[in-house]
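Participant: What follows is query.txt; its format and atoms are compact mmCIF, N, CA and C atoms.
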```txt
# COMPACT_ATOMS: atom_id res chain seq x y z
N MET W 1 77.44 -33.09 144.38
CA MET W 1 78.28 -32.04 144.88
C MET W 1 79.04 -31.43 143.70
N GLU W 2 78.98 -30.11 143.62
CA GLU W 2 79.66 -29.39 142.54
C GLU W 2 81.02 -28.91 143.03
N ILE W 3 82.05 -29.19 142.24
CA ILE W 3 83.39 -28.76 142.60
C ILE W 3 83.79 -27.62 141.67
N HIS W 4 84.11 -26.48 142.28
CA HIS W 4 84.53 -25.32 141.50
C HIS W 4 86.04 -25.36 141.31
N THR W 5 86.48 -25.21 140.08
CA THR W 5 87.91 -25.16 139.81
C THR W 5 88.34 -23.79 139.29
N GLN W 6 87.37 -22.89 139.19
CA GLN W 6 87.67 -21.55 138.71
C GLN W 6 86.80 -20.56 139.47
N VAL W 7 87.40 -19.52 139.98
CA VAL W 7 86.64 -18.50 140.70
C VAL W 7 86.72 -17.14 140.02
N THR W 8 87.64 -16.98 139.07
CA THR W 8 87.79 -15.70 138.37
C THR W 8 87.14 -15.76 137.00
N ASN W 9 86.73 -14.61 136.53
CA ASN W 9 86.15 -14.49 135.20
C ASN W 9 87.28 -14.19 134.22
N LYS W 10 87.45 -15.04 133.26
CA LYS W 10 88.56 -14.88 132.32
C LYS W 10 88.09 -14.35 130.96
N GLN W 11 86.99 -13.65 130.95
CA GLN W 11 86.48 -13.04 129.72
C GLN W 11 87.21 -11.72 129.51
N ILE W 12 88.42 -11.78 129.00
CA ILE W 12 89.23 -10.56 128.83
C ILE W 12 89.60 -10.32 127.37
N ASP W 13 88.81 -10.85 126.45
CA ASP W 13 89.08 -10.66 125.02
C ASP W 13 89.00 -9.20 124.60
N PHE W 14 88.37 -8.36 125.41
CA PHE W 14 88.25 -6.94 125.08
C PHE W 14 89.58 -6.20 125.25
N ILE W 15 90.57 -6.84 125.89
CA ILE W 15 91.88 -6.22 126.09
C ILE W 15 92.72 -6.49 124.85
N ASN W 16 93.09 -5.43 124.15
CA ASN W 16 93.84 -5.57 122.90
C ASN W 16 95.32 -5.83 123.12
N ASP W 17 95.85 -5.37 124.23
CA ASP W 17 97.27 -5.51 124.52
C ASP W 17 97.58 -6.97 124.86
N VAL W 18 98.31 -7.64 123.97
CA VAL W 18 98.57 -9.07 124.13
C VAL W 18 99.38 -9.35 125.39
N ASP W 19 100.39 -8.52 125.67
CA ASP W 19 101.21 -8.73 126.87
C ASP W 19 100.39 -8.59 128.14
N LEU W 20 99.55 -7.57 128.19
CA LEU W 20 98.70 -7.37 129.36
C LEU W 20 97.73 -8.54 129.52
N ARG W 21 97.14 -8.97 128.43
CA ARG W 21 96.19 -10.08 128.49
C ARG W 21 96.87 -11.36 128.99
N LYS W 22 98.07 -11.64 128.48
CA LYS W 22 98.81 -12.84 128.89
C LYS W 22 99.14 -12.78 130.39
N THR W 23 99.65 -11.64 130.82
CA THR W 23 100.01 -11.48 132.23
C THR W 23 98.78 -11.58 133.12
N LEU W 24 97.71 -10.95 132.71
CA LEU W 24 96.48 -10.99 133.50
C LEU W 24 95.94 -12.42 133.59
N LEU W 25 95.97 -13.17 132.51
CA LEU W 25 95.51 -14.57 132.56
C LEU W 25 96.36 -15.40 133.53
N GLU W 26 97.67 -15.15 133.53
CA GLU W 26 98.54 -15.86 134.47
C GLU W 26 98.15 -15.55 135.91
N ARG W 27 97.92 -14.28 136.21
CA ARG W 27 97.53 -13.89 137.57
C ARG W 27 96.17 -14.46 137.94
N LEU W 28 95.23 -14.46 137.00
CA LEU W 28 93.89 -15.00 137.28
C LEU W 28 93.97 -16.50 137.56
N ASN W 29 94.79 -17.22 136.80
CA ASN W 29 94.97 -18.65 137.05
C ASN W 29 95.61 -18.89 138.41
N GLU W 30 96.58 -18.04 138.76
CA GLU W 30 97.21 -18.16 140.07
C GLU W 30 96.21 -17.88 141.19
N LEU W 31 95.36 -16.86 140.97
CA LEU W 31 94.33 -16.56 141.97
C LEU W 31 93.38 -17.74 142.16
N ASP W 32 92.98 -18.36 141.06
CA ASP W 32 92.12 -19.55 141.17
C ASP W 32 92.79 -20.62 142.03
N SER W 33 94.05 -20.88 141.75
CA SER W 33 94.77 -21.95 142.46
C SER W 33 94.87 -21.70 143.95
N ILE W 34 95.27 -20.49 144.32
CA ILE W 34 95.47 -20.24 145.75
C ILE W 34 94.15 -20.05 146.49
N TYR W 35 93.14 -19.53 145.80
CA TYR W 35 91.83 -19.38 146.45
C TYR W 35 91.23 -20.75 146.75
N LEU W 36 91.37 -21.67 145.81
CA LEU W 36 90.76 -22.99 145.97
C LEU W 36 91.38 -23.81 147.09
N VAL W 37 92.56 -23.44 147.55
CA VAL W 37 93.17 -24.15 148.68
C VAL W 37 93.02 -23.34 149.97
N ASN W 38 92.08 -22.38 149.92
CA ASN W 38 91.77 -21.54 151.08
C ASN W 38 92.96 -20.73 151.60
N ALA W 39 93.79 -20.26 150.70
CA ALA W 39 94.92 -19.42 151.08
C ALA W 39 94.47 -17.96 151.01
N SER W 40 93.69 -17.56 151.98
CA SER W 40 93.05 -16.24 151.95
C SER W 40 94.03 -15.09 151.83
N TYR W 41 95.06 -15.07 152.67
CA TYR W 41 96.02 -13.96 152.60
C TYR W 41 96.78 -13.97 151.28
N SER W 42 97.17 -15.13 150.83
CA SER W 42 97.88 -15.22 149.55
C SER W 42 97.01 -14.73 148.42
N THR W 43 95.74 -15.09 148.46
CA THR W 43 94.80 -14.63 147.43
C THR W 43 94.74 -13.11 147.41
N LEU W 44 94.65 -12.54 148.58
CA LEU W 44 94.59 -11.08 148.69
C LEU W 44 95.85 -10.43 148.15
N PHE W 45 97.01 -10.95 148.50
CA PHE W 45 98.27 -10.36 148.04
C PHE W 45 98.45 -10.49 146.53
N VAL W 46 98.07 -11.62 145.97
CA VAL W 46 98.18 -11.79 144.53
C VAL W 46 97.19 -10.87 143.81
N ALA W 47 96.00 -10.71 144.36
CA ALA W 47 95.01 -9.82 143.75
C ALA W 47 95.51 -8.38 143.76
N ILE W 48 96.06 -7.94 144.87
CA ILE W 48 96.61 -6.58 144.96
C ILE W 48 97.77 -6.42 143.98
N GLY W 49 98.63 -7.42 143.92
CA GLY W 49 99.75 -7.38 142.98
C GLY W 49 99.27 -7.30 141.54
N ALA W 50 98.18 -7.99 141.22
CA ALA W 50 97.62 -7.94 139.87
C ALA W 50 97.13 -6.53 139.54
N ILE W 51 96.45 -5.90 140.50
CA ILE W 51 95.97 -4.53 140.29
C ILE W 51 97.16 -3.60 140.07
N GLU W 52 98.17 -3.73 140.90
CA GLU W 52 99.36 -2.88 140.76
C GLU W 52 100.03 -3.11 139.41
N GLY W 53 100.13 -4.35 139.00
CA GLY W 53 100.75 -4.67 137.72
C GLY W 53 99.97 -4.10 136.53
N ILE W 54 98.66 -4.18 136.62
CA ILE W 54 97.83 -3.63 135.54
C ILE W 54 98.02 -2.12 135.46
N PHE W 55 97.97 -1.43 136.59
CA PHE W 55 98.16 0.02 136.60
C PHE W 55 99.53 0.40 136.05
N ARG W 56 100.57 -0.32 136.47
CA ARG W 56 101.92 0.00 135.99
C ARG W 56 102.06 -0.27 134.48
N HIS W 57 101.45 -1.34 134.02
CA HIS W 57 101.51 -1.66 132.60
C HIS W 57 100.81 -0.57 131.78
N ILE W 58 99.62 -0.19 132.18
CA ILE W 58 98.90 0.87 131.47
C ILE W 58 99.68 2.18 131.53
N ALA W 59 100.25 2.49 132.68
CA ALA W 59 101.04 3.72 132.82
C ALA W 59 102.24 3.70 131.88
N SER W 60 102.86 2.56 131.71
CA SER W 60 104.03 2.50 130.82
C SER W 60 103.63 2.80 129.37
N ILE W 61 102.43 2.44 129.00
CA ILE W 61 101.93 2.73 127.65
C ILE W 61 101.75 4.23 127.47
N TYR W 62 101.29 4.91 128.50
CA TYR W 62 101.01 6.35 128.45
C TYR W 62 102.07 7.17 129.19
N LYS W 63 103.27 6.65 129.26
CA LYS W 63 104.34 7.28 130.03
C LYS W 63 104.58 8.74 129.62
N SER W 64 104.68 9.00 128.34
CA SER W 64 104.98 10.37 127.91
C SER W 64 103.85 11.33 128.27
N GLU W 65 102.59 10.90 128.13
CA GLU W 65 101.45 11.75 128.50
C GLU W 65 101.44 12.03 130.00
N ILE W 66 101.74 11.00 130.77
CA ILE W 66 101.76 11.15 132.22
C ILE W 66 102.87 12.11 132.64
N LYS W 67 104.05 11.96 132.05
CA LYS W 67 105.18 12.82 132.42
C LYS W 67 104.94 14.29 132.03
N ARG W 68 104.10 14.54 131.04
CA ARG W 68 103.77 15.92 130.63
C ARG W 68 102.63 16.51 131.44
N SER W 69 101.99 15.71 132.25
CA SER W 69 100.83 16.15 133.02
C SER W 69 101.19 17.27 133.99
N GLN W 70 100.27 18.22 134.11
CA GLN W 70 100.45 19.33 135.05
C GLN W 70 100.48 18.83 136.50
N SER W 71 99.82 17.71 136.74
CA SER W 71 99.73 17.20 138.11
C SER W 71 100.79 16.15 138.41
N TYR W 72 101.78 16.00 137.52
CA TYR W 72 102.82 14.98 137.73
C TYR W 72 103.46 15.16 139.11
N PRO W 73 103.56 14.09 139.88
CA PRO W 73 104.08 14.17 141.26
C PRO W 73 105.52 14.67 141.34
N LYS W 74 105.78 15.40 142.41
CA LYS W 74 107.11 15.95 142.69
C LYS W 74 107.76 15.17 143.84
N ASN W 75 109.08 15.21 143.86
CA ASN W 75 109.81 14.60 144.97
C ASN W 75 109.98 15.63 146.09
N SER W 76 110.71 15.28 147.11
CA SER W 76 110.87 16.17 148.26
C SER W 76 111.63 17.46 147.92
N LYS W 77 112.35 17.47 146.80
CA LYS W 77 113.09 18.65 146.36
C LYS W 77 112.28 19.52 145.39
N GLY W 78 111.03 19.13 145.15
CA GLY W 78 110.17 19.90 144.26
C GLY W 78 110.38 19.60 142.79
N GLN W 79 111.16 18.59 142.49
CA GLN W 79 111.40 18.19 141.10
C GLN W 79 110.49 17.01 140.76
N ASN W 80 110.24 16.84 139.46
CA ASN W 80 109.44 15.69 139.04
C ASN W 80 110.08 14.40 139.51
N LYS W 81 109.26 13.51 140.06
CA LYS W 81 109.74 12.19 140.46
C LYS W 81 110.17 11.43 139.20
N THR W 82 111.07 10.48 139.40
CA THR W 82 111.36 9.59 138.28
C THR W 82 110.14 8.69 138.09
N PHE W 83 109.89 8.32 136.87
CA PHE W 83 108.69 7.55 136.55
C PHE W 83 108.62 6.26 137.36
N SER W 84 109.75 5.60 137.52
CA SER W 84 109.77 4.33 138.25
C SER W 84 109.51 4.49 139.74
N ASP W 85 109.62 5.71 140.26
CA ASP W 85 109.37 5.95 141.69
C ASP W 85 107.92 6.32 142.01
N LEU W 86 107.08 6.40 140.99
CA LEU W 86 105.67 6.74 141.25
C LEU W 86 105.01 5.62 142.03
N THR W 87 104.21 6.00 143.01
CA THR W 87 103.46 5.02 143.78
C THR W 87 102.23 4.59 142.99
N ILE W 88 101.60 3.52 143.40
CA ILE W 88 100.38 3.07 142.74
C ILE W 88 99.31 4.14 142.85
N ASP W 89 99.20 4.80 143.99
CA ASP W 89 98.22 5.88 144.14
C ASP W 89 98.49 7.00 143.15
N GLU W 90 99.74 7.39 142.99
CA GLU W 90 100.08 8.45 142.05
C GLU W 90 99.78 8.04 140.62
N ILE W 91 100.08 6.79 140.29
CA ILE W 91 99.77 6.29 138.95
C ILE W 91 98.26 6.31 138.72
N TYR W 92 97.51 5.83 139.69
CA TYR W 92 96.05 5.82 139.57
C TYR W 92 95.52 7.24 139.33
N ILE W 93 96.01 8.19 140.12
CA ILE W 93 95.55 9.58 139.98
C ILE W 93 95.89 10.13 138.60
N GLU W 94 97.10 9.88 138.12
CA GLU W 94 97.51 10.38 136.80
C GLU W 94 96.68 9.73 135.69
N LEU W 95 96.49 8.43 135.76
CA LEU W 95 95.67 7.75 134.75
C LEU W 95 94.24 8.27 134.76
N LYS W 96 93.71 8.51 135.94
CA LYS W 96 92.35 9.03 136.08
C LYS W 96 92.28 10.46 135.56
N ASN W 97 93.24 11.32 135.94
CA ASN W 97 93.24 12.71 135.49
C ASN W 97 93.34 12.84 133.98
N LEU W 98 94.06 11.92 133.35
CA LEU W 98 94.19 11.95 131.90
C LEU W 98 93.02 11.29 131.18
N GLY W 99 92.08 10.73 131.94
CA GLY W 99 90.91 10.09 131.35
C GLY W 99 91.21 8.73 130.74
N ILE W 100 92.31 8.13 131.15
CA ILE W 100 92.70 6.83 130.61
C ILE W 100 91.93 5.71 131.30
N ILE W 101 91.71 5.86 132.59
CA ILE W 101 90.85 4.93 133.32
C ILE W 101 89.76 5.75 133.99
N PRO W 102 88.62 5.12 134.27
CA PRO W 102 87.54 5.87 134.92
C PRO W 102 87.80 6.08 136.40
N ASP W 103 87.08 7.00 136.97
CA ASP W 103 87.13 7.20 138.41
C ASP W 103 86.53 5.97 139.07
N ILE W 104 87.21 5.45 140.05
CA ILE W 104 86.74 4.29 140.80
C ILE W 104 86.49 4.80 142.22
N PRO W 105 85.24 5.18 142.54
CA PRO W 105 84.97 5.82 143.83
C PRO W 105 85.47 5.03 145.04
N GLU W 106 85.44 3.72 144.98
CA GLU W 106 85.84 2.89 146.11
C GLU W 106 87.33 2.59 146.13
N TYR W 107 88.06 3.01 145.11
CA TYR W 107 89.47 2.63 144.99
C TYR W 107 90.27 2.94 146.25
N GLY W 108 90.29 4.19 146.64
CA GLY W 108 91.13 4.60 147.77
C GLY W 108 90.84 3.82 149.03
N HIS W 109 89.58 3.72 149.37
CA HIS W 109 89.20 3.02 150.60
C HIS W 109 89.53 1.53 150.52
N MET W 110 89.09 0.88 149.44
CA MET W 110 89.26 -0.57 149.33
C MET W 110 90.73 -0.95 149.17
N TYR W 111 91.44 -0.24 148.31
CA TYR W 111 92.85 -0.58 148.08
C TYR W 111 93.65 -0.45 149.37
N HIS W 112 93.48 0.66 150.07
CA HIS W 112 94.25 0.87 151.30
C HIS W 112 93.81 -0.07 152.42
N LEU W 113 92.54 -0.39 152.47
CA LEU W 113 92.04 -1.34 153.46
C LEU W 113 92.73 -2.69 153.29
N PHE W 114 92.77 -3.18 152.06
CA PHE W 114 93.38 -4.48 151.82
C PHE W 114 94.90 -4.41 151.86
N ARG W 115 95.46 -3.34 151.37
CA ARG W 115 96.92 -3.20 151.32
C ARG W 115 97.51 -3.12 152.73
N ASN W 116 96.82 -2.44 153.61
CA ASN W 116 97.35 -2.25 154.97
C ASN W 116 96.84 -3.30 155.93
```
The structure given in the file should be rewritten as C-alpha cells.
Facilitator:
Amino acid sequence: MEIHTQVTNKQIDFINDVDLRKTLLERLNELDSIYLVNASYSTLFVAIGAIEGIFRHIASIYKSEIKRSQSYPKNSKGQNKTFSDLTIDEIYIELKNLGIIPDIPEYGHMYHLFRN
C-alpha cells in the first residue's frame, strides 16, 4: 500500500520573487496537510486564498502600472478606487490587460463556482 504525503507540486524554482516563493510553499504545505485528512472544504478555502494571495502579491509589484491603466476600476462616485479596495476579479483583469499574467479562459467560471 502506497501512502501519499504530498498532493501538490512544489516545483516552483521558476519564481524569482523569494517572498512569493516562500509564501506559496507555506500554502502548498498547508494544502497537503488538510487534503490528506480529507478536509475538503478547508482544502478549497486554502486553495482559493492562495490564488487570491498570489494575485495580490503580483499586483503589489506592478501597483504603479495598474494605477495608471486606462481600465483602472472606479468607485461608485466615478473616482479611481483605492488600490487596497480592488477585488480579486478587478486585479485579475488589470494584470491580464497589462499582459502580466496570461488570459485564463476558465478563471471566471471556476473561481466563482468554488468561491460561491
Participant: Of the candidates W:Ser42, W:Arg56, W:Leu98, W:Ile12, which shows the shortest atom-to-atom distance to Asp85 of chain W, using only C-alpha atoms?
Facilitator: W:Arg56
Participant: Go through W:Phe55, W:Lys67, W:Tyr62, W:Tyr111 and flag the residue nearest Ile91 of chain W, using all atoms listed in the file for the distances.
Facilitator: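 Selected residue with least distance to Ile91 of chain W: W:Phe55.
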Participant: Report, in Å with one decimal, the straight-line distance from atom C of Ile88 of chain W to atom C of Gly53 of chain W.
Facilitator: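 About the pair atom C of Ile88 of chain W and atom C of Gly53 of chain W: they are 10.4 Å apart.
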Participant: Between atom CA of Ile51 of chain W and atom CA of Gly99 of chain W, what distance in Å does the model show, to one decimal?
Facilitator: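 Computed distance, atom CA of Ile51 of chain W to atom CA of Gly99 of chain W, equals 17.9 Å.
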Participant: Pick out the residues sitting within 12 Å of segment 15-27 of chain W, and hand them over as a PDB file with N, CA and C atoms, in the frame of the given file; count only C-alpha atoms, and ignore anything fewer than 3 positions along from it in its own chain.
Facilitator:
```pdb
ATOM      1  N   THR W   8      87.640 -16.980 139.070  1.00  0.00           N
ATOM      2  CA  THR W   8      87.790 -15.700 138.370  1.00  0.00           C
ATOM      3  C   THR W   8      87.140 -15.760 137.000  1.00  0.00           C
ATOM      4  N   ASN W   9      86.730 -14.610 136.530  1.00  0.00           N
ATOM      5  CA  ASN W   9      86.150 -14.490 135.200  1.00  0.00           C
ATOM      6  C   ASN W   9      87.280 -14.190 134.220  1.00  0.00           C
ATOM      7  N   LYS W  10      87.450 -15.040 133.260  1.00  0.00           N
ATOM      8  CA  LYS W  10      88.560 -14.880 132.320  1.00  0.00           C
ATOM      9  C   LYS W  10      88.090 -14.350 130.960  1.00  0.00           C
ATOM     10  N   GLN W  11      86.990 -13.650 130.950  1.00  0.00           N
ATOM     11  CA  GLN W  11      86.480 -13.040 129.720  1.00  0.00           C
ATOM     12  C   GLN W  11      87.210 -11.720 129.510  1.00  0.00           C
ATOM     13  N   ILE W  12      88.420 -11.780 129.000  1.00  0.00           N
ATOM     14  CA  ILE W  12      89.230 -10.560 128.830  1.00  0.00           C
ATOM     15  C   ILE W  12      89.600 -10.320 127.370  1.00  0.00           C
ATOM     16  N   GLU W  30      96.580 -18.040 138.760  1.00  0.00           N
ATOM     17  CA  GLU W  30      97.210 -18.160 140.070  1.00  0.00           C
ATOM     18  C   GLU W  30      96.210 -17.880 141.190  1.00  0.00           C
ATOM     19  N   LEU W  31      95.360 -16.860 140.970  1.00  0.00           N
ATOM     20  CA  LEU W  31      94.330 -16.560 141.970  1.00  0.00           C
ATOM     21  C   LEU W  31      93.380 -17.740 142.160  1.00  0.00           C
ATOM     22  N   ASP W  32      92.980 -18.360 141.060  1.00  0.00           N
ATOM     23  CA  ASP W  32      92.120 -19.550 141.170  1.00  0.00           C
ATOM     24  C   ASP W  32      92.790 -20.620 142.030  1.00  0.00           C
ATOM     25  N   SER W  33      94.050 -20.880 141.750  1.00  0.00           N
ATOM     26  CA  SER W  33      94.770 -21.950 142.460  1.00  0.00           C
ATOM     27  C   SER W  33      94.870 -21.700 143.950  1.00  0.00           C
ATOM     28  N   ILE W  34      95.270 -20.490 144.320  1.00  0.00           N
ATOM     29  CA  ILE W  34      95.470 -20.240 145.750  1.00  0.00           C
ATOM     30  C   ILE W  34      94.150 -20.050 146.490  1.00  0.00           C
ATOM     31  N   TYR W  35      93.140 -19.530 145.800  1.00  0.00           N
ATOM     32  CA  TYR W  35      91.830 -19.380 146.450  1.00  0.00           C
ATOM     33  C   TYR W  35      91.230 -20.750 146.750  1.00  0.00           C
ATOM     34  N   THR W  43      95.740 -15.090 148.460  1.00  0.00           N
ATOM     35  CA  THR W  43      94.800 -14.630 147.430  1.00  0.00           C
ATOM     36  C   THR W  43      94.740 -13.110 147.410  1.00  0.00           C
ATOM     37  N   LEU W  44      94.650 -12.540 148.580  1.00  0.00           N
ATOM     38  CA  LEU W  44      94.590 -11.080 148.690  1.00  0.00           C
ATOM     39  C   LEU W  44      95.850 -10.430 148.150  1.00  0.00           C
ATOM     40  N   PHE W  45      97.010 -10.950 148.500  1.00  0.00           N
ATOM     41  CA  PHE W  45      98.270 -10.360 148.040  1.00  0.00           C
ATOM     42  C   PHE W  45      98.450 -10.490 146.530  1.00  0.00           C
ATOM     43  N   VAL W  46      98.070 -11.620 145.970  1.00  0.00           N
ATOM     44  CA  VAL W  46      98.180 -11.790 144.530  1.00  0.00           C
ATOM     45  C   VAL W  46      97.190 -10.870 143.810  1.00  0.00           C
ATOM     46  N   ALA W  47      96.000 -10.710 144.360  1.00  0.00           N
ATOM     47  CA  ALA W  47      95.010  -9.820 143.750  1.00  0.00           C
ATOM     48  C   ALA W  47      95.510  -8.380 143.760  1.00  0.00           C
ATOM     49  N   ILE W  48      96.060  -7.940 144.870  1.00  0.00           N
ATOM     50  CA  ILE W  48      96.610  -6.580 144.960  1.00  0.00           C
ATOM     51  C   ILE W  48      97.770  -6.420 143.980  1.00  0.00           C
ATOM     52  N   GLY W  49      98.630  -7.420 143.920  1.00  0.00           N
ATOM     53  CA  GLY W  49      99.750  -7.380 142.980  1.00  0.00           C
ATOM     54  C   GLY W  49      99.270  -7.300 141.540  1.00  0.00           C
ATOM     55  N   ALA W  50      98.180  -7.990 141.220  1.00  0.00           N
ATOM     56  CA  ALA W  50      97.620  -7.940 139.870  1.00  0.00           C
ATOM     57  C   ALA W  50      97.130  -6.530 139.540  1.00  0.00           C
ATOM     58  N   ILE W  51      96.450  -5.900 140.500  1.00  0.00           N
ATOM     59  CA  ILE W  51      95.970  -4.530 140.290  1.00  0.00           C
ATOM     60  C   ILE W  51      97.160  -3.600 140.070  1.00  0.00           C
ATOM     61  N   GLU W  52      98.170  -3.730 140.900  1.00  0.00           N
ATOM     62  CA  GLU W  52      99.360  -2.880 140.760  1.00  0.00           C
ATOM     63  C   GLU W  52     100.030  -3.110 139.410  1.00  0.00           C
ATOM     64  N   GLY W  53     100.130  -4.350 139.000  1.00  0.00           N
ATOM     65  CA  GLY W  53     100.750  -4.670 137.720  1.00  0.00           C
ATOM     66  C   GLY W  53      99.970  -4.100 136.530  1.00  0.00           C
ATOM     67  N   ILE W  54      98.660  -4.180 136.620  1.00  0.00           N
ATOM     68  CA  ILE W  54      97.830  -3.630 135.540  1.00  0.00           C
ATOM     69  C   ILE W  54      98.020  -2.120 135.460  1.00  0.00           C
ATOM     70  N   PHE W  55      97.970  -1.430 136.590  1.00  0.00           N
ATOM     71  CA  PHE W  55      98.160   0.020 136.600  1.00  0.00           C
ATOM     72  C   PHE W  55      99.530   0.400 136.050  1.00  0.00           C
ATOM     73  N   ARG W  56     100.570  -0.320 136.470  1.00  0.00           N
ATOM     74  CA  ARG W  56     101.920   0.000 135.990  1.00  0.00           C
ATOM     75  C   ARG W  56     102.060  -0.270 134.480  1.00  0.00           C
ATOM     76  N   HIS W  57     101.450  -1.340 134.020  1.00  0.00           N
ATOM     77  CA  HIS W  57     101.510  -1.660 132.600  1.00  0.00           C
ATOM     78  C   HIS W  57     100.810  -0.570 131.780  1.00  0.00           C
ATOM     79  N   ILE W  58      99.620  -0.190 132.180  1.00  0.00           N
ATOM     80  CA  ILE W  58      98.900   0.870 131.470  1.00  0.00           C
ATOM     81  C   ILE W  58      99.680   2.180 131.530  1.00  0.00           C
ATOM     82  N   ALA W  59     100.250   2.490 132.680  1.00  0.00           N
ATOM     83  CA  ALA W  59     101.040   3.720 132.820  1.00  0.00           C
ATOM     84  C   ALA W  59     102.240   3.700 131.880  1.00  0.00           C
ATOM     85  N   SER W  60     102.860   2.560 131.710  1.00  0.00           N
ATOM     86  CA  SER W  60     104.030   2.500 130.820  1.00  0.00           C
ATOM     87  C   SER W  60     103.630   2.800 129.370  1.00  0.00           C
ATOM     88  N   ILE W  61     102.430   2.440 129.000  1.00  0.00           N
ATOM     89  CA  ILE W  61     101.930   2.730 127.650  1.00  0.00           C
ATOM     90  C   ILE W  61     101.750   4.230 127.470  1.00  0.00           C
TER      91      ILE W  61
END
```
Participant: For atom CA of Asn80 of chain W and atom CA of Ile66 of chain W, determine how far apart the two atoms are, in Å to one decimal place.
Facilitator: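 If I compute the distance from atom CA of Asn80 of chain W to atom CA of Ile66 of chain W, I get 11.2 Å.
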Participant: Between W:Pro105, W:Thr82, W:Glu94, W:Leu36, which one has atoms that come closest to Gln70 of chain W, using only C-alpha atoms?
Facilitator: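 Looking at the shortest contact to Gln70 of chain W, the residue is W:Glu94.
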Participant: How would segment 90-103 of chain W look with N, CA, C and O atoms restored, written as a PDB file, in the coordinates of the input?
Facilitator:
```
ATOM      1  N   GLU W  90      99.740   7.390 142.990  1.00  0.00           N
ATOM      2  CA  GLU W  90     100.080   8.450 142.050  1.00  0.00           C
ATOM      3  C   GLU W  90      99.780   8.040 140.620  1.00  0.00           C
ATOM      4  O   GLU W  90      99.262   8.835 139.825  1.00  0.00           O
ATOM      5  N   ILE W  91     100.080   6.790 140.290  1.00  0.00           N
ATOM      6  CA  ILE W  91      99.770   6.290 138.950  1.00  0.00           C
ATOM      7  C   ILE W  91      98.260   6.310 138.720  1.00  0.00           C
ATOM      8  O   ILE W  91      97.790   6.752 137.675  1.00  0.00           O
ATOM      9  N   TYR W  92      97.510   5.830 139.690  1.00  0.00           N
ATOM     10  CA  TYR W  92      96.050   5.820 139.570  1.00  0.00           C
ATOM     11  C   TYR W  92      95.520   7.240 139.330  1.00  0.00           C
ATOM     12  O   TYR W  92      94.714   7.469 138.435  1.00  0.00           O
ATOM     13  N   ILE W  93      96.010   8.190 140.120  1.00  0.00           N
ATOM     14  CA  ILE W  93      95.550   9.580 139.980  1.00  0.00           C
ATOM     15  C   ILE W  93      95.890  10.130 138.600  1.00  0.00           C
ATOM     16  O   ILE W  93      95.060  10.767 137.945  1.00  0.00           O
ATOM     17  N   GLU W  94      97.100   9.880 138.120  1.00  0.00           N
ATOM     18  CA  GLU W  94      97.510  10.380 136.800  1.00  0.00           C
ATOM     19  C   GLU W  94      96.680   9.730 135.690  1.00  0.00           C
ATOM     20  O   GLU W  94      96.219  10.421 134.778  1.00  0.00           O
ATOM     21  N   LEU W  95      96.490   8.430 135.760  1.00  0.00           N
ATOM     22  CA  LEU W  95      95.670   7.750 134.750  1.00  0.00           C
ATOM     23  C   LEU W  95      94.240   8.270 134.760  1.00  0.00           C
ATOM     24  O   LEU W  95      93.627   8.459 133.707  1.00  0.00           O
ATOM     25  N   LYS W  96      93.710   8.510 135.940  1.00  0.00           N
ATOM     26  CA  LYS W  96      92.350   9.030 136.080  1.00  0.00           C
ATOM     27  C   LYS W  96      92.280  10.460 135.560  1.00  0.00           C
ATOM     28  O   LYS W  96      91.372  10.808 134.793  1.00  0.00           O
ATOM     29  N   ASN W  97      93.240  11.320 135.940  1.00  0.00           N
ATOM     30  CA  ASN W  97      93.240  12.710 135.490  1.00  0.00           C
ATOM     31  C   ASN W  97      93.340  12.840 133.980  1.00  0.00           C
ATOM     32  O   ASN W  97      92.775  13.774 133.397  1.00  0.00           O
ATOM     33  N   LEU W  98      94.060  11.920 133.350  1.00  0.00           N
ATOM     34  CA  LEU W  98      94.190  11.950 131.900  1.00  0.00           C
ATOM     35  C   LEU W  98      93.020  11.290 131.180  1.00  0.00           C
ATOM     36  O   LEU W  98      92.978  11.245 129.961  1.00  0.00           O
ATOM     37  N   GLY W  99      92.080  10.730 131.940  1.00  0.00           N
ATOM     38  CA  GLY W  99      90.910  10.090 131.350  1.00  0.00           C
ATOM     39  C   GLY W  99      91.210   8.730 130.740  1.00  0.00           C
ATOM     40  O   GLY W  99      90.435   8.217 129.931  1.00  0.00           O
ATOM     41  N   ILE W 100      92.310   8.130 131.150  1.00  0.00           N
ATOM     42  CA  ILE W 100      92.700   6.830 130.610  1.00  0.00           C
ATOM     43  C   ILE W 100      91.930   5.710 131.300  1.00  0.00           C
ATOM     44  O   ILE W 100      91.564   4.715 130.682  1.00  0.00           O
ATOM     45  N   ILE W 101      91.710   5.860 132.590  1.00  0.00           N
ATOM     46  CA  ILE W 101      90.850   4.930 133.320  1.00  0.00           C
ATOM     47  C   ILE W 101      89.760   5.750 133.990  1.00  0.00           C
ATOM     48  O   ILE W 101      89.948   6.929 134.266  1.00  0.00           O
ATOM     49  N   PRO W 102      88.620   5.120 134.270  1.00  0.00           N
ATOM     50  CA  PRO W 102      87.540   5.870 134.920  1.00  0.00           C
ATOM     51  C   PRO W 102      87.800   6.080 136.400  1.00  0.00           C
ATOM     52  O   PRO W 102      88.654   5.408 136.995  1.00  0.00           O
ATOM     53  N   ASP W 103      87.080   7.000 136.970  1.00  0.00           N
ATOM     54  CA  ASP W 103      87.130   7.200 138.410  1.00  0.00           C
ATOM     55  C   ASP W 103      86.530   5.970 139.070  1.00  0.00           C
ATOM     56  O   ASP W 103      85.477   5.484 138.671  1.00  0.00           O
TER      57      ASP W 103
END
```
